[in-house]
Each structure stands twice: as C-alpha cells, then as structure tokens.
>>> print(open('entry_32.txt').read())   # compact mmCIF, C-alpha atoms
# COMPACT_ATOMS: atom_id res chain seq x y z
CA MET A 1 -26.00 4.55 8.41
CA SER A 2 -29.71 4.94 8.89
CA ASN A 3 -30.89 6.48 5.65
CA PRO A 4 -30.71 4.65 2.33
CA PHE A 5 -28.54 7.30 0.73
CA SER A 6 -25.74 7.01 3.28
CA ILE A 7 -25.73 3.23 2.80
CA ILE A 8 -25.19 3.70 -0.94
CA ASP A 9 -22.80 6.58 -0.39
CA SER A 10 -20.55 4.66 1.97
CA ARG A 11 -20.11 2.05 -0.76
CA LEU A 12 -19.93 4.15 -3.92
CA ASN A 13 -18.55 7.38 -2.48
CA LEU A 14 -21.06 9.46 -4.42
CA SER A 15 -20.93 12.57 -2.26
CA ARG A 16 -17.28 13.17 -3.18
CA HIS A 17 -18.27 13.46 -6.84
CA TYR A 18 -21.31 15.48 -5.91
CA ARG A 19 -19.13 17.94 -4.01
CA ARG A 20 -16.64 18.16 -6.85
CA ILE A 21 -19.34 19.23 -9.29
CA PHE A 22 -21.94 21.03 -7.21
CA GLU A 23 -19.94 22.79 -4.54
CA ARG A 24 -17.12 23.92 -6.71
CA PRO A 25 -16.68 27.70 -6.68
CA LEU A 26 -16.98 29.33 -10.10
CA PRO A 27 -14.56 31.92 -11.41
CA GLU A 28 -15.73 35.51 -11.36
CA GLY A 29 -17.65 36.97 -14.30
CA VAL A 30 -19.96 34.03 -14.96
CA THR A 31 -23.10 35.72 -16.27
CA TYR A 32 -26.30 34.57 -17.95
CA PHE A 33 -24.36 34.42 -21.23
CA TYR A 34 -22.71 31.34 -19.73
CA CYS A 35 -26.05 29.53 -19.74
CA LEU A 36 -26.29 29.16 -23.53
CA GLY A 37 -24.56 25.78 -23.62
CA GLY A 38 -26.91 24.57 -20.90
CA MET A 39 -29.80 25.87 -22.99
CA ALA A 40 -28.56 23.85 -25.98
CA LEU A 41 -28.37 20.74 -23.78
CA PHE A 42 -31.86 21.43 -22.50
CA PHE A 43 -33.21 21.64 -26.05
CA LEU A 44 -31.44 18.35 -26.79
CA ILE A 45 -33.26 16.76 -23.84
CA VAL A 46 -36.60 18.11 -25.15
CA LEU A 47 -35.69 16.81 -28.63
CA THR A 48 -34.80 13.37 -27.24
CA PHE A 49 -38.06 13.10 -25.35
CA THR A 50 -40.32 14.35 -28.16
CA GLY A 51 -38.24 12.40 -30.69
CA VAL A 52 -38.72 9.12 -28.83
CA VAL A 53 -42.48 9.74 -28.62
CA LEU A 54 -42.63 10.55 -32.34
CA SER A 55 -40.62 7.44 -33.19
CA PHE A 56 -43.33 5.28 -31.56
CA TYR A 57 -45.73 6.35 -34.31
CA TYR A 58 -43.59 7.47 -37.24
CA ILE A 59 -43.00 4.90 -39.99
CA PRO A 60 -39.83 5.50 -42.04
CA SER A 61 -41.01 4.21 -45.40
CA ALA A 62 -41.84 6.09 -48.58
CA SER A 63 -45.41 4.79 -48.61
CA GLU A 64 -46.16 5.24 -44.89
CA ALA A 65 -44.10 8.21 -43.66
CA TYR A 66 -46.45 10.96 -44.82
CA HIS A 67 -49.56 9.22 -43.45
CA SER A 68 -47.92 8.53 -40.11
CA ILE A 69 -47.04 12.23 -39.79
CA ARG A 70 -50.65 13.10 -40.65
CA PHE A 71 -51.78 10.62 -38.01
CA ILE A 72 -49.48 12.15 -35.38
CA ASP A 73 -50.71 15.64 -36.26
CA SER A 74 -54.44 15.02 -36.37
CA LYS A 75 -55.40 11.78 -34.58
CA LEU A 76 -52.82 11.06 -31.90
CA PRO A 77 -53.74 12.90 -28.65
CA GLY A 78 -51.02 15.47 -28.00
CA GLY A 79 -49.20 14.28 -31.12
CA TRP A 80 -49.32 17.70 -32.76
CA LEU A 81 -47.65 19.20 -29.68
CA MET A 82 -44.87 16.60 -29.69
CA ARG A 83 -44.17 17.29 -33.34
CA ALA A 84 -44.41 21.08 -32.98
CA LEU A 85 -42.11 21.03 -29.96
CA HIS A 86 -39.67 18.81 -31.83
CA VAL A 87 -39.56 21.27 -34.75
CA TRP A 88 -39.24 24.38 -32.57
CA ALA A 89 -36.77 22.86 -30.13
CA ALA A 90 -34.64 21.91 -33.14
CA SER A 91 -34.54 25.54 -34.27
CA GLY A 92 -33.94 26.59 -30.68
CA MET A 93 -31.06 24.18 -30.33
CA VAL A 94 -29.35 25.43 -33.49
CA ALA A 95 -29.78 29.02 -32.27
CA ALA A 96 -28.51 28.14 -28.78
CA VAL A 97 -25.47 26.28 -30.14
CA MET A 98 -24.61 29.23 -32.39
CA ALA A 99 -25.04 31.72 -29.54
CA HIS A 100 -22.97 29.50 -27.24
CA MET A 101 -20.17 29.37 -29.83
CA LEU A 102 -20.29 33.14 -30.21
CA ARG A 103 -20.03 33.60 -26.43
CA VAL A 104 -17.06 31.22 -26.25
CA TYR A 105 -15.47 33.12 -29.13
CA ILE A 106 -15.99 36.56 -27.56
CA THR A 107 -14.63 35.54 -24.14
CA GLY A 108 -11.71 33.71 -25.79
CA SER A 109 -12.56 30.60 -23.82
CA TYR A 110 -11.09 28.31 -26.49
CA LYS A 111 -7.58 29.51 -25.61
CA PRO A 112 -5.13 27.05 -24.03
CA PRO A 113 -5.74 24.75 -22.22
CA ARG A 114 -9.23 24.42 -23.73
CA GLU A 115 -8.35 24.02 -27.44
CA LEU A 116 -9.53 20.43 -27.61
CA ASN A 117 -12.89 21.28 -26.10
CA TRP A 118 -13.42 23.92 -28.81
CA VAL A 119 -12.72 21.29 -31.47
CA VAL A 120 -15.19 18.88 -29.85
CA GLY A 121 -17.75 21.70 -29.59
CA ALA A 122 -17.29 22.68 -33.24
CA THR A 123 -17.86 19.02 -34.19
CA LEU A 124 -21.06 19.05 -32.14
CA PHE A 125 -22.15 22.14 -34.10
CA VAL A 126 -21.67 20.24 -37.38
CA LEU A 127 -23.60 17.29 -35.92
CA THR A 128 -26.43 19.64 -34.88
CA MET A 129 -26.68 20.91 -38.46
CA ALA A 130 -26.65 17.30 -39.73
CA PHE A 131 -29.50 16.51 -37.32
CA GLY A 132 -31.48 19.39 -38.82
CA PHE A 133 -30.74 18.36 -42.39
CA SER A 134 -31.62 14.68 -41.90
CA GLY A 135 -34.76 15.46 -39.89
CA TYR A 136 -36.09 17.80 -42.57
CA LEU A 137 -36.71 14.91 -45.00
CA LEU A 138 -38.60 12.67 -42.59
CA PRO A 139 -42.15 14.15 -43.01
CA TRP A 140 -41.85 13.13 -46.69
CA ASP A 141 -43.99 15.97 -48.01
CA GLN A 142 -43.29 18.08 -51.10
CA LYS A 143 -41.14 20.57 -49.18
CA ALA A 144 -39.06 17.86 -47.51
CA TYR A 145 -38.58 15.85 -50.68
CA TRP A 146 -37.50 18.71 -52.92
CA ALA A 147 -35.36 20.40 -50.27
CA THR A 148 -33.44 17.15 -49.84
CA THR A 149 -33.22 16.73 -53.61
CA VAL A 150 -31.58 20.17 -53.85
CA GLY A 151 -29.48 19.64 -50.71
CA THR A 152 -28.08 16.28 -51.79
CA ALA A 153 -27.49 17.56 -55.35
CA MET A 154 -25.16 20.24 -54.00
CA PRO A 155 -22.20 17.90 -53.26
CA SER A 156 -22.63 16.22 -56.67
CA THR A 157 -20.91 19.18 -58.33
CA ILE A 158 -17.64 18.48 -56.47
CA PRO A 159 -15.12 17.18 -59.03
CA LEU A 160 -14.23 13.46 -58.92
CA VAL A 161 -15.88 12.46 -55.63
CA GLY A 162 -19.09 14.52 -55.91
CA HIS A 163 -21.23 11.93 -57.65
CA PHE A 164 -20.15 9.26 -55.18
CA ILE A 165 -21.02 11.48 -52.18
CA MET A 166 -24.44 12.17 -53.66
CA GLN A 167 -25.09 8.45 -54.21
CA LEU A 168 -23.89 7.70 -50.69
CA LEU A 169 -26.36 10.24 -49.29
CA ARG A 170 -29.25 9.18 -51.52
CA GLY A 171 -28.59 5.46 -51.74
CA GLY A 172 -29.04 5.70 -55.52
CA ASP A 173 -29.33 8.32 -58.22
CA ASP A 174 -32.58 9.83 -56.92
CA VAL A 175 -34.08 10.68 -53.55
CA SER A 176 -36.19 7.60 -52.80
CA GLY A 177 -37.41 5.39 -49.97
CA ILE A 178 -33.80 4.26 -49.53
CA THR A 179 -32.80 7.89 -48.89
CA LEU A 180 -35.60 8.24 -46.37
CA LEU A 181 -34.41 5.15 -44.49
CA ARG A 182 -30.79 6.34 -44.63
CA PHE A 183 -31.72 9.77 -43.25
CA TYR A 184 -33.86 8.13 -40.58
CA VAL A 185 -30.98 5.89 -39.46
CA MET A 186 -28.68 8.94 -39.43
CA HIS A 187 -31.22 10.96 -37.47
CA VAL A 188 -32.15 8.43 -34.78
CA TYR A 189 -29.12 6.11 -34.46
CA ILE A 190 -25.84 7.39 -35.82
CA LEU A 191 -26.01 11.10 -34.97
CA PRO A 192 -27.36 10.55 -31.42
CA LEU A 193 -24.68 7.94 -30.65
CA VAL A 194 -21.83 10.11 -31.89
CA SER A 195 -23.31 13.20 -30.20
CA ILE A 196 -23.69 11.49 -26.83
CA PHE A 197 -20.07 10.38 -26.93
CA LEU A 198 -18.85 13.87 -27.87
CA LEU A 199 -21.11 15.53 -25.29
CA TRP A 200 -19.67 13.24 -22.63
CA ALA A 201 -16.18 14.37 -23.70
CA HIS A 202 -17.33 18.03 -23.80
CA PHE A 203 -18.70 17.97 -20.24
CA HIS A 204 -15.92 15.83 -18.89
CA MET A 205 -13.36 18.36 -20.14
CA ILE A 206 -15.34 21.20 -18.57
CA ARG A 207 -15.31 19.33 -15.27
CA ARG A 208 -11.59 18.70 -15.49
CA GLN A 209 -10.65 22.22 -16.57
CA GLY A 210 -13.39 24.30 -14.97
CA ILE A 211 -15.20 27.02 -16.91
CA SER A 212 -13.07 29.89 -18.06
CA GLY A 213 -14.86 32.77 -16.33
CA GLY A 214 -15.16 36.43 -17.32
CA LEU A 215 -12.40 38.50 -18.84
CA MET B 1 -14.71 30.25 1.92
CA ASP B 2 -15.25 33.43 -0.08
CA ASN B 3 -18.96 34.04 -0.06
CA ARG B 4 -18.89 36.38 -3.03
CA LEU B 5 -17.81 33.62 -5.38
CA LYS B 6 -20.69 31.89 -7.10
CA LYS B 7 -20.92 28.13 -6.79
CA PHE B 8 -22.29 25.73 -9.36
CA TYR B 9 -25.00 24.88 -6.85
CA PRO B 10 -27.13 26.80 -6.15
CA ASP B 11 -26.11 29.95 -8.07
CA TYR B 12 -25.14 28.79 -11.54
CA LEU B 13 -27.58 25.88 -11.66
CA PHE B 14 -30.41 28.25 -10.77
CA GLU B 15 -29.43 30.58 -13.61
CA ILE B 16 -29.23 27.69 -16.07
CA LEU B 17 -32.60 26.29 -15.00
CA LEU B 18 -34.17 29.75 -15.28
CA VAL B 19 -32.86 30.09 -18.84
CA CYS B 20 -34.15 26.57 -19.62
CA LEU B 21 -37.56 27.49 -18.24
CA PHE B 22 -37.76 30.50 -20.57
CA ALA B 23 -36.54 28.34 -23.44
CA LEU B 24 -39.28 25.78 -22.78
CA GLU B 25 -41.93 28.48 -22.52
CA GLY B 26 -40.72 30.01 -25.78
CA ALA B 27 -40.80 26.65 -27.54
CA LEU B 28 -44.28 25.84 -26.17
CA LEU B 29 -45.63 29.25 -27.19
CA LEU B 30 -44.19 29.00 -30.71
CA SER B 31 -45.52 25.43 -31.00
CA TYR B 32 -48.99 26.58 -30.07
CA VAL B 33 -49.05 29.69 -32.27
CA PHE B 34 -47.08 28.34 -35.25
CA PRO B 35 -47.39 24.55 -35.41
CA PRO B 36 -45.43 23.00 -38.31
CA VAL B 37 -47.36 22.80 -41.54
CA THR B 38 -47.35 19.46 -43.34
CA GLY B 39 -47.41 20.10 -47.07
CA SER B 40 -48.95 17.97 -49.78
CA PRO B 41 -47.67 14.42 -50.35
CA VAL B 42 -44.59 13.96 -52.54
CA ASP B 43 -45.38 14.44 -56.20
CA PHE B 44 -42.37 13.41 -58.29
CA SER B 45 -43.73 15.07 -61.43
CA ARG B 46 -44.44 18.43 -59.87
CA ASN B 47 -41.17 20.22 -59.25
CA PHE B 48 -41.36 22.36 -56.20
CA LEU B 49 -39.05 25.19 -55.19
CA PRO B 50 -38.10 24.27 -51.63
CA ARG B 51 -36.80 26.49 -48.89
CA PRO B 52 -34.48 24.93 -46.35
CA GLU B 53 -34.52 25.67 -42.64
CA TRP B 54 -33.35 29.15 -41.67
CA TYR B 55 -29.91 27.90 -40.65
CA PHE B 56 -29.22 26.60 -44.16
CA LEU B 57 -30.50 29.69 -45.99
CA ALA B 58 -27.05 31.32 -46.23
CA LEU B 59 -25.65 28.16 -47.83
CA TYR B 60 -28.68 27.96 -50.13
CA GLN B 61 -28.12 31.56 -51.23
CA MET B 62 -24.45 30.84 -52.00
CA PHE B 63 -25.63 27.97 -54.21
CA LYS B 64 -27.38 30.55 -56.41
CA TYR B 65 -24.20 32.57 -57.00
CA PHE B 66 -22.22 29.64 -58.36
CA PRO B 67 -24.30 28.19 -61.19
CA GLY B 68 -23.76 24.88 -62.91
CA ASN B 69 -20.46 23.10 -62.49
CA LEU B 70 -19.07 25.83 -60.24
CA ALA B 71 -21.66 25.19 -57.53
CA PHE B 72 -19.19 23.17 -55.48
CA ILE B 73 -17.18 26.35 -54.84
CA GLY B 74 -20.13 27.94 -53.07
CA VAL B 75 -21.47 24.89 -51.30
CA ALA B 76 -18.33 22.86 -50.58
CA VAL B 77 -15.07 24.81 -50.96
CA ILE B 78 -16.08 28.02 -49.17
CA PRO B 79 -17.94 26.23 -46.32
CA ALA B 80 -15.00 23.81 -45.95
CA VAL B 81 -12.53 26.69 -45.68
CA ILE B 82 -14.74 28.43 -43.09
CA LEU B 83 -15.18 25.20 -41.12
CA PHE B 84 -11.44 24.59 -41.20
CA LEU B 85 -10.80 28.09 -39.84
CA VAL B 86 -13.40 27.58 -37.10
CA PHE B 87 -11.95 24.21 -36.07
CA ALA B 88 -8.36 25.45 -36.17
CA LEU B 89 -9.12 28.75 -34.43
CA PRO B 90 -7.35 27.93 -31.11
CA PHE B 91 -4.25 26.82 -33.01
CA LEU B 92 -4.19 29.66 -35.55
CA GLU B 93 -4.53 32.46 -33.04
CA LYS B 94 -1.14 33.06 -31.46
CA THR B 95 -2.05 35.73 -28.91
CA HIS B 96 -2.65 34.49 -25.39
CA SER B 97 -4.89 37.38 -24.37
CA ARG B 98 -8.55 36.46 -24.31
CA ARG B 99 -9.69 40.04 -24.94
CA LEU B 100 -11.17 40.85 -28.34
CA ARG B 101 -9.16 44.07 -28.62
CA ASP B 102 -5.94 42.06 -28.37
CA ARG B 103 -6.93 39.84 -31.29
CA LYS B 104 -8.20 42.39 -33.77
CA PHE B 105 -7.47 40.39 -36.94
CA SER B 106 -9.47 37.42 -35.67
CA ALA B 107 -12.28 39.67 -34.43
CA VAL B 108 -12.61 41.45 -37.78
CA ALA B 109 -12.60 38.10 -39.62
CA ALA B 110 -15.31 36.75 -37.31
CA ALA B 111 -17.39 39.91 -37.76
CA ILE B 112 -17.10 39.67 -41.57
CA LEU B 113 -18.18 36.01 -41.41
CA LEU B 114 -21.20 36.76 -39.21
CA VAL B 115 -22.29 39.79 -41.26
CA SER B 116 -21.94 37.85 -44.54
CA ALA B 117 -23.98 34.95 -43.16
CA ALA B 118 -26.66 37.39 -42.00
CA VAL B 119 -26.71 39.26 -45.33
CA LEU B 120 -26.93 35.99 -47.32
CA THR B 121 -29.76 34.79 -45.09
CA VAL B 122 -31.70 38.03 -45.62
CA LEU B 123 -31.02 37.99 -49.39
CA SER B 124 -32.33 34.42 -49.65
CA CYS B 125 -35.74 35.65 -48.51
CA PHE B 126 -36.27 37.71 -51.67
>>> encode(input="entry_32.txt", output="structure tokens")
Amino acid sequence: MSNPFSIIDSRLNLSRHYRRIFERPLPEGVTYFYCLGGMALFFLIVLTFTGVVLSFYYIPSASEAYHSIRFIDSKLPGGWLMRALHVWAASGMVAAVMAHMLRVYITGSYKPPRELNWVVGATLFVLTMAFGFSGYLLPWDQKAYWATTVGTAMPSTIPLVGHFIMQLLRGGDDVSGITLLRFYVMHVYILPLVSIFLLWAHFHMIRRQGISGGL
Amino acid sequence: MDNRLKKFYPDYLFEILLVCLFALEGALLLSYVFPPVTGSPVDFSRNFLPRPEWYFLALYQMFKYFPGNLAFIGVAVIPAVILFLVFALPFLEKTHSRRLRDRKFSAVAAAILLVSAAVLTVLSCF
C-alpha cells in the first residue's frame, strides 16, 4: 500500500486489465507484417498532433485560408515541419492502411469469428480516404481548388441523385467558401469523431478475439 | 508458461514501436527533402488541370475512360461494386481455410483488382 500506484490499483483494479492486454501470449506466426495496423495508428497519432498544431493557425475561410497556410509555411517557427509531416503522414497512413488490409486478406484473418472487425476496418479505410480528400482542399491554392472541383463534379453524373450529392458536398453549385468550411468541418470534427468510435470498436474486438496468428 | 510464445509485452510491442520509429524517420526525412509545395492562390478564371493525391489516381484515370454522362459508371458504379465486394468478403467466401491456395477464386479476383489499380495509377501519370 506504500506506492501511489498500488493505492490506485487496489481501488480500480488496473493491473488485471494490464495483464489481460500486455501479458497475453500471442499465437504463433506473428511477424513484422502484423505491425502494419499499428503503423497506421501511429500515423494517425502523428496526424492528430500535427493537425491540432496546424488548426491553431489555419483559418478556414476563402479569403484567409491561403494566407494562413503561407504564414504557417514561412513565418511560424517549425510550422513548415508540422505541415510537411501532416502531408507525409497522411500518405503514410493511407499506404499503411492499404498494406494492413492486404496482410489481413492474405492471412485470411477476416474469416469467422472476425467478420465484423473486417467490416469495421473496411469502413475505416473509406474514412481514411475521405480524410485525404477533404484535407486536400484546405490549402485553398489552385491545385486544391481545381482538384476538388473535378472530384466533386464526379458524383454529379450519377442519374437522379447526382446533382443533389454534388450540391451537398459543395454547399451550392460551385466550389466556394461554403465548400471549404464544409470540408474543414468534415476533416476536423465529423471524420475524427466517427473514426475514434470505429477505432475503439476495432481494438476492442481485437482484444476480445485475440489476433489471428500465422497460417 | 511456454517461453517460445511471444507476448504482447515486450515482444510484439517492441516490434510495433520499432516499425513506428522507422515510419517516423521516413516521414521526417520526406518532410525535410520534399516539403509540400503551396501553389498560387485560387484563380477562378484560370482553369487548371489538377492531379489528385496518389491514392485517388486510379479513380481519376477511370474518370477519363467514361466521358460525359457515362462518367458515373467509372467513378461511382465500379467503385461501389468493388467496395461492396470488399465489405462483403467474409460473407461471400464460403471456404473456412485461411490459406490463399484454398480460396483460389477470391485470390485471383484480388490480384486482378490490385493489378488493375496499379496499372490505372501508372497510366494516369502519362
């Protein structure tokens, strides 16, 4: 009862949970290819950190966005690094998620009883792509603006609902300041909230079911 | 306790952290050597041919093959079918064996999908 941890532990029973996660033996055949999901999570942590720092200085408005990016890149100490890391970690995360999915496919780890975790993981892949798409517009330069114009025009060719989907994405008929705000809200509020919930489910299922191990 | 079995801690966690360390070093190196380039400010009158991020290039290339009103086939119908197959994979595949050689149909389909995505991505660069 002398050290602070045992006082907390005797009340909250933390070490039981610790043992369940940390001291659990793994199945045989767990190689470095089983680290790709962890790598994706790591990139997400880097993206969260750099993203929060960027959001302190970035202004999501059509008149200010470009200048705030310029400010981050050239005036803010270390700002260029935060932005560069955010861009590269984003690419890294997409690559890690894809590689992780491929590993799970090759080892057949989505087989019963893990079907539901595959579905949650596939949803997280779609969310990762949506993160990339919404983040691409935020610098509000020529490349961002016209890429989003093309990207949001694509669904408009769907019969019946296409025009509505495009207007929903753009918040009007053209890509404008409203679109920028919409993409910003997607990028920093909606997608993170949904992703955190699904990640919790993803990891919780892994803890319940264990990892599937080698073939 | 079987000592040959790896545990989450320290074995697996060490491997994960090592991979993360390399990932961070890679990201830092790329950030330093190739920082993102901010283009010119938005000019509504000057149309600009954009290139999406590398992971959307395959989709972007498909867009080119279905001109005009048919574009939705390339950018919505085909991706939706692929996504459906990916999501439904555990329920579509009846075999219980996890080995690739016991699920040849699925493996060939996955290989075709990956090769097509790679080919489309390469084609979009020209």
>>> atom_distance(input="entry_32.txt", atom1="atom CA of A:Thr157", atom2="atom CA of B:Leu83")
19.1 Å
>>> closest_residue(input="entry_32.txt", among="A:Ser195, A:Gln209, A:Thr128, A:Gln167", to="chain B", atoms="only C-alpha atoms")
A:Thr128
>>> atom_distance(input="entry_32.txt", atom1="atom CA of B:Tyr32", atom2="atom CA of B:Leu57")
24.6 Å
>>> atom_distance(input="entry_32.txt", atom1="atom CA of B:Phe22", atom2="atom CA of A:Ser55")
26.4 Å
>>> residues_around(input="entry_32.txt", residues="stretch 70-73 of chain A", least_positions_apart="6", cutoff="9 Å", atoms="all atoms listed in the file", output="JSON, numbers by chain")
{"A": [54, 57, 58, 79, 80, 81, 82, 83, 84, 139], "B": [38]}
>>> write_last_selection(input="entry_32.txt", atoms="C-alpha atoms", output="short mmCIF file (atom, residue, chain, number, x, y, z; two decimals), in the frame of the given file")
data_model
loop_
_atom_site.label_atom_id
_atom_site.label_comp_id
_atom_site.auth_asym_id
_atom_site.auth_seq_id
_atom_site.Cartn_x
_atom_site.Cartn_y
_atom_site.Cartn_z
CA LEU A 54 -42.63 10.55 -32.34
CA TYR A 57 -45.73 6.35 -34.31
CA TYR A 58 -43.59 7.47 -37.24
CA GLY A 79 -49.20 14.28 -31.12
CA TRP A 80 -49.32 17.70 -32.76
CA LEU A 81 -47.65 19.20 -29.68
CA MET A 82 -44.87 16.60 -29.69
CA ARG A 83 -44.17 17.29 -33.34
CA ALA A 84 -44.41 21.08 -32.98
CA PRO A 139 -42.15 14.15 -43.01
CA THR B 38 -47.35 19.46 -43.34
#
>>> interface_residues(input="entry_32.txt", of="chain A", to="chain B", cutoff="7 Å", atoms="all atoms listed in the file", output="VMD selection string")
chain A and resid 22 to 26 28 32 35 38 to 39 42 66 81 84 to 85 88 to 89 106 to 108 110 to 111 115 119 122 140 to 143 145 to 147 154 to 155 157 to 158 215
>>> decode(input="entry_32.txt", residues="stretch 78-91 of chain B", atoms="C-alpha atoms", output="PDB file, in the first residue's frame")
ATOM      1  CA  ILE B  78     -17.480   0.359 -60.484  1.00  0.00           C
ATOM      2  CA  PRO B  79     -16.025   1.687 -57.189  1.00  0.00           C
ATOM      3  CA  ALA B  80     -19.329   0.892 -55.433  1.00  0.00           C
ATOM      4  CA  VAL B  81     -19.273  -2.683 -56.730  1.00  0.00           C
ATOM      5  CA  ILE B  82     -15.631  -3.094 -55.635  1.00  0.00           C
ATOM      6  CA  LEU B  83     -16.376  -1.597 -52.210  1.00  0.00           C
ATOM      7  CA  PHE B  84     -19.369  -3.874 -51.811  1.00  0.00           C
ATOM      8  CA  LEU B  85     -17.222  -6.918 -52.622  1.00  0.00           C
ATOM      9  CA  VAL B  86     -14.553  -5.770 -50.149  1.00  0.00           C
ATOM     10  CA  PHE B  87     -17.085  -5.190 -47.357  1.00  0.00           C
ATOM     11  CA  ALA B  88     -18.920  -8.449 -48.020  1.00  0.00           C
ATOM     12  CA  LEU B  89     -15.741 -10.513 -48.444  1.00  0.00           C
ATOM     13  CA  PRO B  90     -16.063 -12.527 -45.181  1.00  0.00           C
ATOM     14  CA  PHE B  91     -19.678 -13.376 -46.031  1.00  0.00           C
TER      15      PHE B  91
END
